[in-house]
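Student: Here you go, one structure.
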Amino acid sequence: MSSAGIAFTTESLLEGHTEISLLVTWPIRLEGGAPVELRAVGKLARTDPMKAAMQMDSMAFSIKN
C-alpha cells in the first residue's frame with residue numbers, strides 16, 4: 001500500500017482497467033475498541049493470475065458497522 005495505490009492477492013485473474021472498491025479492516029481500533037475500515041476506490045492498473053494492483057482515485061476511513 002502506498003499513497004497512490006494498493007497491491008493485493010486474488011483468487012482468480014481480474015480483468016484489467018476495471019473500476020473496483022476495496023474494503024480493508026484496519027488493524028488498529030479507535031479508543032473504546034471501535035473498528036476502523038479503509039475504503040479505496042480506483043482502477044486496476046496491473047493484474048496477474050494471483051495478484052493485482054489498483055491505482056486509487058479516492059480513499060476514506062470510517063467506523064465499521
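Labeling convention for the C-alpha cells: chains A, B, ... as they appear, residues from 1 per chain, ligands from 1 in order of appearance.
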Please provide as a ChimeraX atom specification all residues within 7 Å of Val41 (chain A), with the sequence filter that same-chain residues fewer than 3 positions apart are discarded (counting only C-alpha atoms).

Tutor: /A:20-22,56-59

Student: Determine, counting only C-alpha atoms, which protein, DNA and RNA residues have an atom within 12 Å of an atom of Val36 (chain A); residues of the same chain fewer than 2 positions away are not included. Present the result as a PDB file with C-alpha atoms, in the first residue's frame.

Tutor:
```pdb
ATOM      1  CA  LEU A  23     -12.773  -2.511   1.927  1.00  0.00           C
ATOM      2  CA  VAL A  24      -9.951  -3.164   4.374  1.00  0.00           C
ATOM      3  CA  THR A  25     -10.466  -3.728   8.099  1.00  0.00           C
ATOM      4  CA  TRP A  26      -7.760  -1.588   9.686  1.00  0.00           C
ATOM      5  CA  PRO A  27      -5.565  -3.435  12.216  1.00  0.00           C
ATOM      6  CA  ILE A  28      -5.779  -0.638  14.811  1.00  0.00           C
ATOM      7  CA  ARG A  29      -9.011   0.195  16.617  1.00  0.00           C
ATOM      8  CA  LEU A  30     -10.150   3.564  17.896  1.00  0.00           C
ATOM      9  CA  GLU A  31     -10.232   4.394  21.573  1.00  0.00           C
ATOM     10  CA  GLY A  32     -13.026   2.316  23.095  1.00  0.00           C
ATOM     11  CA  GLY A  33     -12.415  -0.547  20.653  1.00  0.00           C
ATOM     12  CA  ALA A  34     -14.375   0.756  17.664  1.00  0.00           C
ATOM     13  CA  LEU A  38     -10.499   1.826   4.853  1.00  0.00           C
ATOM     14  CA  ARG A  39     -12.471   2.143   1.622  1.00  0.00           C
ATOM     15  CA  ALA A  60     -11.575   7.262   3.217  1.00  0.00           C
ATOM     16  CA  PHE A  61     -11.574   5.828   6.725  1.00  0.00           C
ATOM     17  CA  SER A  62     -14.834   5.095   8.501  1.00  0.00           C
ATOM     18  CA  ILE A  63     -16.033   3.361  11.629  1.00  0.00           C
ATOM     19  CA  LYS A  64     -17.006  -0.186  10.677  1.00  0.00           C
ATOM     20  CA  ASN A  65     -20.591  -1.143  11.485  1.00  0.00           C
TER      21      ASN A  65
END
```

Student: Write out as a CSV table (one decimal) with C-alpha atoms, in the first residue's frame which residues come within 8 Å of region 47-49 of chain A when counting only C-alpha atoms, dropping same-chain ones fewer than 2 positions away.

Tutor:
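That gives us result_8.csv:
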```csv
chain,number,residue,atom,x,y,z
A,10,THR,CA,-6.6,-12.6,-5.7
A,11,GLU,CA,-8.2,-16.0,-6.1
A,12,SER,CA,-8.5,-15.6,-9.9
A,13,LEU,CA,-7.4,-13.3,-12.7
A,14,LEU,CA,-9.2,-10.0,-12.7
A,15,GLU,CA,-10.0,-8.0,-15.8
A,16,GLY,CA,-7.5,-5.1,-16.2
A,44,LEU,CA,-6.9,-2.0,-11.7
A,45,ALA,CA,-3.5,-1.0,-13.1
A,51,LYS,CA,-2.3,-10.8,-7.7
A,52,ALA,CA,-3.4,-7.3,-8.8
A,53,ALA,CA,-2.7,-3.7,-8.1
```

Student: Just the strand (DSSP E) stuff from chain A, please, per backbone DSSP, written as a PDB file with C-alpha atoms, in the first residue's frame.

Tutor:
```pdb
ATOM      1  CA  GLY A   5      -2.201   2.514  -4.883  1.00  0.00           C
ATOM      2  CA  ILE A   6      -2.663  -0.895  -3.296  1.00  0.00           C
ATOM      3  CA  ALA A   7      -1.311  -4.299  -4.356  1.00  0.00           C
ATOM      4  CA  PHE A   8      -3.236  -7.381  -3.201  1.00  0.00           C
ATOM      5  CA  THR A   9      -3.650 -11.109  -3.784  1.00  0.00           C
ATOM      6  CA  GLU A  19     -13.089   0.080 -11.554  1.00  0.00           C
ATOM      7  CA  ILE A  20     -13.047  -1.539  -8.120  1.00  0.00           C
ATOM      8  CA  SER A  21     -13.675  -0.783  -4.451  1.00  0.00           C
ATOM      9  CA  LEU A  22     -11.617  -2.355  -1.682  1.00  0.00           C
ATOM     10  CA  LEU A  23     -12.773  -2.511   1.927  1.00  0.00           C
ATOM     11  CA  VAL A  24      -9.951  -3.164   4.374  1.00  0.00           C
ATOM     12  CA  THR A  25     -10.466  -3.728   8.099  1.00  0.00           C
ATOM     13  CA  VAL A  36     -11.979   1.165  11.550  1.00  0.00           C
ATOM     14  CA  GLU A  37     -12.347   0.379   7.848  1.00  0.00           C
ATOM     15  CA  LEU A  38     -10.499   1.826   4.853  1.00  0.00           C
ATOM     16  CA  ARG A  39     -12.471   2.143   1.622  1.00  0.00           C
ATOM     17  CA  ALA A  40     -10.366   2.673  -1.503  1.00  0.00           C
ATOM     18  CA  VAL A  41     -11.840   3.258  -4.974  1.00  0.00           C
ATOM     19  CA  GLY A  42      -9.851   3.147  -8.201  1.00  0.00           C
ATOM     20  CA  LYS A  43      -8.964   1.170 -11.315  1.00  0.00           C
ATOM     21  CA  LEU A  44      -6.900  -1.964 -11.720  1.00  0.00           C
ATOM     22  CA  ALA A  45      -3.502  -0.959 -13.062  1.00  0.00           C
ATOM     23  CA  ARG A  46      -1.871  -4.404 -13.120  1.00  0.00           C
ATOM     24  CA  THR A  47      -3.256  -7.946 -12.998  1.00  0.00           C
ATOM     25  CA  ASP A  48      -1.670 -11.393 -12.739  1.00  0.00           C
ATOM     26  CA  LYS A  51      -2.328 -10.763  -7.657  1.00  0.00           C
ATOM     27  CA  ALA A  52      -3.393  -7.317  -8.778  1.00  0.00           C
ATOM     28  CA  ALA A  53      -2.663  -3.657  -8.129  1.00  0.00           C
ATOM     29  CA  MET A  54      -5.037  -0.726  -8.194  1.00  0.00           C
ATOM     30  CA  GLN A  55      -4.396   2.967  -8.655  1.00  0.00           C
ATOM     31  CA  MET A  56      -6.504   4.799  -6.093  1.00  0.00           C
ATOM     32  CA  ASP A  57      -8.800   7.637  -7.110  1.00  0.00           C
ATOM     33  CA  SER A  58     -10.077   8.133  -3.556  1.00  0.00           C
ATOM     34  CA  MET A  59      -9.836   6.648  -0.096  1.00  0.00           C
ATOM     35  CA  ALA A  60     -11.575   7.262   3.217  1.00  0.00           C
ATOM     36  CA  PHE A  61     -11.574   5.828   6.725  1.00  0.00           C
ATOM     37  CA  SER A  62     -14.834   5.095   8.501  1.00  0.00           C
ATOM     38  CA  ILE A  63     -16.033   3.361  11.629  1.00  0.00           C
TER      39      ILE A  63
END
```
